[in-house]
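Some notes on the structure that comes next.
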Amino acid sequence: MELAWIPAGSFLMGYPADETARLAIETQHRVTLTKGFLVGVYLVTQAQWRAVMGDNPSYFEGDDRPVEMVSWEDCQEFCKQLNLKAGRAAYRLPTEAEWEYACRAGTTTPFSFGETVSPEQVNYDGHHPYGKGRKGQYRQQTTPVGSFPANAWGLYDMHGNVWEWCQDWYGPYPQNNSTDPQGSINGKARVLRGGSWVDGASYCHAAYRGRFEPGSRDQSFGFRVCGCLD
């Protein structure tokens, strides 16, 4: 697993109040992450999944494509097996706050690339642009990891390609500022972030929150890992 170091810091999490895509349960709030962390430079690939789990559940096959058709529960098992190989608790899913912080990479715009994106930057359904973006290619499948430009912190595919499972239960945001949030203490659905190849650009927004039950699988569900420092 190739990991990048993400420094501690703070950011505004969620949509600004004037953005039409904002949900009623969301309150943009300042989040402070007091510790730096390690996060995967790339989505977990099918070759990596096979090396750890011994199979490949993906619909769009290719060793360097992201693994998909994996549930949140599957991702937990992957991290468990990877940790057994490492001999310690070395890997986990990112929290939702860590994910958005890493995705934004110091930016405040809807995308780490600016106010909109193009199909040359992100793998999404180019028939459905965001804001003043132009229409473009719809590939109708996943693409090999690292096929598009990285964000400012060197992370690939934070927007599009496949949705990324996060550790958190889905629930309302806090009304006030938050430090090292871990999400809701319980719920029915787990958070996914980033949008995918099958979605319009609005779903790839840095703040967009997807949610599905933890046993759900889809051709657009994948993940990346965080590295544990302790």
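Numbering starts fresh at 1 for the residues of each chain in the structure tokens, the chains themselves are lettered A, B, ... in the order given, and ligands are numbered from 1 as they appear.
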- Query: Which polymer residues have any atom within 6 Å of an atom of Lys135 in chain A, counting only C-alpha atoms, with same-chain residues fewer than 2 positions away left out, as number ranges by chain?
  - Reply: A: 126-127, 129
- Message: Report as a ChimeraX atom specification all protein, DNA and RNA residues lying within 8 Å of range 212-217 of chain A, evaluated on only C-alpha atoms, omitting residues in the same chain fewer than 5 positions from it.
- Response: /A:68-74,188-192
- Nearest candidate to Met158 in chain A (options A:Trp49, A:Tyr101, A:Phe11, A:Tyr138; using only C-alpha atoms): A:Tyr101
- Among listed residues A:Gly62, A:Pro144, A:Pro181, A:Gly227, nearest Ala89 in chain A (using only C-alpha atoms):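 Nearest candidate to Ala89 in chain A out of A:Gly62, A:Pro144, A:Pro181, A:Gly227: A:Gly227.
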- Message: Please identify the strand (DSSP E or B) residues within range 25-221 of chain A (assignment by DSSP from backbone atoms) and present them as a PyMOL selection string.
- Response: chain A and resi 29-33+37-40+45+66+91-92+111+114+163-169+178-179+184+190-193+209-212+221
- Query: So which residues touch range 205-208 of chain A within 7 Å, counting only C-alpha atoms, skipping near sequence neighbours fewer than 4 positions away, as a PyMOL selection string?
  - Reply: chain A and resi 14-15+100+103-104+110-111+193-194+201
- Query: Between CA of Val41 in chain A and CA of Val198 in chain A, what is the distance, to one decimal in Å?
  - Reply: 22.1 Å
- In terms of the shortest atom-to-atom distance over only C-alpha atoms, which of A:Gly171, A:Pro57, A:Pro119, A:Gly40 is closest to His159 in chain A?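 Of the candidates, the smallest distance to His159 in chain A is held by A:Pro119.
Minimum atom-to-atom distances from A:Val145, A:Cys228, A:Ala8, A:Leu93 to Lys35 in chain A were compared using only C-alpha atoms, and the lowest value belongs to A:Ala8.
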